[in-house]
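Reading through the structure tokens given below for one structure.
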Amino acid sequence: MYKITWDKETGGVQLHSRIVDGTLGISPRPVFFEELDLLGLDKLGWTYPHAEEPIMWAVNKQYWYRGVRLFDAKGANIYTKPTLEMQPGIEPMSLEPVDVKKMLQRTSELMFVLENEAIEFIRDTYLAYAKANKTYAKADANKLDFESMAEHVEKKSKQRMAVVKQDCDSFDIMPFATAEKEGKRVLLSTKIDRFIASFSGGKDSQVVLDLCTRAIPPTDFEVIYSDTGYELPPSLTLYKDVEAYYKKKFPSLRFLTARNHESVLNYWDKIGTPSDNHRWCCSVMKTAPLYRKLMEGTDKRQKFLAFEGVRAEESVSRSEYSRIGKGVKHKFVVNARPILNWSTTEVFLYLLEHELHINTAYRVGKPRVGCILCPFGSPWDDMIVNNCYSNDLRPFLQKIESTAKARRIPNRAEYISERKWKLRGSGKFTDSNISISFTSDQSRWQAIVKNAEKDLFTWLPVIGKYTIREKHDAIIGELEFKKEIYAFEVLFAKDRHNFKFVLYDDNNIQLRFYLRRVINKSVYCINCEACELECPTGALSVYPNISIDREKCTHCCKCLEYHNVGCIVADSMIKPTTINFSNMKISKYGTFGIHQEWVDQYLTDPSSFWNDNFLGVKQIPSFKAWLKDSEIVDDKVKLTPFGELCVEVNKENSTLLWELIYINLVYNSPLVKWYSSAVNFNSETSRKDLDRLAIEYFQQTFKKTTITYAVQALLQTFKYSPIGEELLQFVCQDAKGSSFQRIPYNDLSPEAVAYSLYKYAQQKGIKMLRVSDLYRPEEGGVFQEFGINKTELQKKLRFLSSDKNRVLVAELSMGLDHITLRDDLDSLTAIKSLLQ
């Protein structure tokens, strides 16, 4: 929040309310003697006391002492300690600890303002919701409900309404936009059953807990800690110390510990190694047990306000968080973030000022405290854990090593040290013998299942009521969905865990969507508890057995919408569909991409281009292949109707041209289609990782060299066309281009949005879809292509829906997210209509 400079006299830092000379761009963390010992600084002739106070500070891996950069730490990984690279002119010296007392005196004034603002935020948030609870109770006695009233007004006014707190502690309902404009406190829920401080063992949650004890009566909130089963040992110790410390000060303050019913290593066997694509561990081992513990002995319909230590500085995604948010992960939780805008330095200053316990993992150099091995960690984290907590790490490391051995990874040490194990994108290399295949046409939908974990009828009740009758090795039934009746049959192979399900539905997209998820849950469910929390009526119980109270179930399908494919286990374990590439070629591009100047020259004069151009002999067939996949030319390299449109578009709007080209490439080029689905947005990826992912995907059909050449052609396209930097599909993170990111492209033209929607609809054989469909990873479409966020997409849909040449109708208010495309248009005629 404040600007930071070095305080050379104390060896610490100073805070400033504005930018001054020497302001640091990154907030530093304190470095203690334990970290210096781990780095081996004492063995290089340096001396320093083993003091409680920090010795110096670190900015990333740069180590600073009294305003002077001494050395950088480089090259750490799980097997290797870093090398220390001294700055010019730096020789071993005697180091003195930071004068913490004097430093805190100098920062006390601004820290006082910072922490008291946070206390006021906590107190104000608590009081607003606590008073709302009382008002809610009075309203409930009179059969009034503010939320219901707001919904009622919304239906009449066709605009979003908000329940707001007035100055006299009364409450009112007004348009949400008006409330924000007037600075009213918008209550995101009118009733909170319990206030909690979520404790993780980290510095941020520790500060928030202490602030809560200063702002809220200890009888009015609870502290809960999730023991995930692979916590760092000092985090477990710290939690006991913290509990004892606050219990002594506030005997009435309640502490709870939550754990999953099963060990995390057993889940590694059942769900697969956690990865950057499948971070199931947080939901299964932390969040689900936490709220399940809080709901013990209740009707499971409580609402919580959780004060948490999330900070914007920690990541790009968290920098976009608001200070209060509802339903960030779960509908029944309001998240309040008192220190959202604090820096790392300010958090440590608070801990030092109030003499609070500091997790010893920070003292050995862990920048962040979490699980002992995390896919979002770093080689630096691995180095510290393996050197300081090797016994606790060993079972997980052995599991990764055995997996690498089973996969015949050639260089297992490099595979582990470079954290390539975290790149698992599917269940391809797991031992699971489960399989599902889906087929459909306009009249029926079919799923063939082998080795399901659960009986199909365990999960089917969440969709709707049904009747069945058994007939030999089959079941004939009727399912009610949205007041319509649909016939189905289930044909069993060996037993009820191997079956074929056939639905006769006249292409009901929504029913098929939910049934696919019911099949996924039936096939993969291992009672992990993650989806149970989403049930708003308490009808669903997952452990020890699946139980659905049919009297309470309203068929809202929240338990099916919770995760990407309806089940967090299925999402992690589904194996990629075997794709027949026999009619496809990824080598047709050679190693050449599609260049902007080539396209410009071609579209300027298509008729004479092939007789007069500046392409080399080997580049011509590559360019022809790219033009064909872009739909600009046909099999005979003749200009297509789409190509004729491109000639005109290129004269007026080259950005739109390349947006349309990229959309077509996603649909026609197996290489681009793979890239758009395999590489996540905002995730830094190296060139080596990209080759590895491509080899894993295409290796059953193509040789390794063919695949790496094809990837080179793709990278050439990104480098020499606007698709890379301008459309943000390949943004280099260093000068060498050895790592890159796909960044969400929110500036997508409305015309390109419409074109993409029609392409998507043509492939699916539909004319009606939902916005939410496009944000499911397995679906494809405009989000997978460009990463456009939902808010921006809705803005463009509203624009298209109101355009004079309207090509679609978007119903986006009152909880609706429906898009209806015109029956008389396709992707080409839709874009032509918009460009008239």
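Residues are referred to by chain and number: the chain letter is A, B, ... according to the order shown in the structure tokens, the number counts from 1 in that chain, and ligands are numbered separately from 1 in the order shown.
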
>> as a ChimeraX atom specification, please: the residues near range 632-634 of chain A (cut-off 12 Å, only C-alpha atoms, same-chain neighbours under 4 positions excluded).
In response: /A:599,602-603,606-607,623-628,638-647,657-658,660-662,664-665,668,828

> Leaving out Val208 in chain A and any residue of its chain fewer than 6 positions from it, which residues lie within 12 Å of it when counting only C-alpha atoms, given as a ChimeraX atom specification?
Replying inline: /A:115,118-119,121-122,196-202,214-216,223,306-311,336-340,342,347,350-351,356

At a cut-off of 7 Å, using only C-alpha atoms, what residues contact Met103 in chain A? Leave out same-chain residues fewer than 5 positions from it and give the result as a tab-separated table (two decimals) with all heavy atoms, in the first residue's frame.
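In the end it all went to around-v8.tsv:
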```tsv
chain	number	residue	atom	x	y	z
A	10	THR	N	19.16	1.79	10.12
A	10	THR	CA	18.65	0.68	10.95
A	10	THR	C	18.86	-0.68	10.27
A	10	THR	O	18.74	-1.71	10.92
A	10	THR	CB	17.15	0.85	11.22
A	10	THR	OG1	16.43	0.72	9.98
A	10	THR	CG2	16.85	2.20	11.84
A	12	GLY	N	16.87	-1.59	8.06
A	12	GLY	CA	15.51	-2.01	7.76
A	12	GLY	C	14.93	-1.26	6.57
A	12	GLY	O	15.63	-0.99	5.58
A	13	VAL	N	13.65	-0.93	6.67
A	13	VAL	CA	12.95	-0.24	5.59
A	13	VAL	C	12.22	0.98	6.15
A	13	VAL	O	11.98	1.07	7.35
A	13	VAL	CB	11.93	-1.17	4.89
A	13	VAL	CG1	12.63	-2.30	4.16
A	13	VAL	CG2	10.91	-1.71	5.89
```

> Could you name the residues that touch range 369-377 of chain A at 7 Å or less, counting only C-alpha atoms, but leaving out those on the same chain fewer than 2 positions away, as a list in words?
Replying inline: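 Here the answer would be Gly202, Tyr230, Glu231, Leu232, Pro274, Ser275, Asp276, Ala361, Lys366, Pro367, Asp381, Val385, Leu393 and Lys422 of chain A.
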
>> Here is a test: counting only C-alpha atoms, which residue of A:His472, A:Arg516, A:Arg106, A:His354 is nearest to Leu460 in chain A?
In response: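 Checking each candidate against Leu460 in chain A, we get A:Arg516 as the closest.
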
> By how many Å are CA of Leu793 in chain A and CA of Val518 in chain A apart?
Replying inline: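 So the answer is 28.7 Å.
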
> In range 451-583 of chain A, what's strand (DSSP E or B) per DSSP? Answer as a PyMOL selection string?
Replying inline: chain A and resi 466-471+474-481+484-492+499-504+540-541+547-548

> Hey, what's within 12 Å of Leu769 in chain A if we count only C-alpha atoms and toss same-chain stuff fewer than 6 positions away? As a ChimeraX atom specification, please?
Replying inline: /A:508-510,513,757-758,760-762,775,779,781,808-811,816-821

>> Could you check the closest approach to Leu36 in chain A for each of A:Val59, A:Ala258, A:Leu95, A:Val542 and tell me which residue wins, using only C-alpha atoms?
In response: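 Distance minimum relative to Leu36 in chain A lands on A:Leu95.
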
>> I'd like the neighbourhood of range 544-547 of chain A as a list in words, where a residue qualifies if any of its atoms comes within 9 Å (using only C-alpha atoms), though same-chain residues fewer than 4 positions away should be ignored.
In response: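 Those residues are Thr458, Trp459, Asn527, Ala539 and Leu540 of chain A.
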
>> If I take CA of Met56 in chain A and CA of Glu35 in chain A, how far is one from the other in Å, to one decimal?
In response: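 Pair CA of Met56 in chain A / CA of Glu35 in chain A returns 10.4 Å.
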
>> Applying 12 Å and only C-alpha atoms, which residues near Lys804 in chain A remain after dropping the ones on its own chain fewer than 6 positions away? List them as a list in words.
In response: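 Here the answer would be Ser833, Leu834, Leu835 and Gln836 of chain A.
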
>> Report, in Å to a single decimal, how far apart CA of Ala312 in chain A and CA of Leu253 in chain A are.
In response: 28.7 Å

> Quick one: DSSP helix (DSSP H, G or I) residues in range 496-680 of chain A, as a PyMOL selection string?
Replying inline: chain A and resi 509-524+532-534+558-561+568-573+596-604+606-609+619-629+641-652+654-668+670-678

> A:Pro217, A:Gly365, A:Gly477, A:Pro536: which is nearest Glu489 in chain A, counting only C-alpha atoms?
Replying inline: A:Gly477

> Looking at only C-alpha atoms, which of A:Lys240, A:Arg742, A:Lys286, A:Arg512 is the one that sits closest to Asn682 in chain A?
Replying inline: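 Answer, going by the shortest atom-to-atom distance: A:Arg742.
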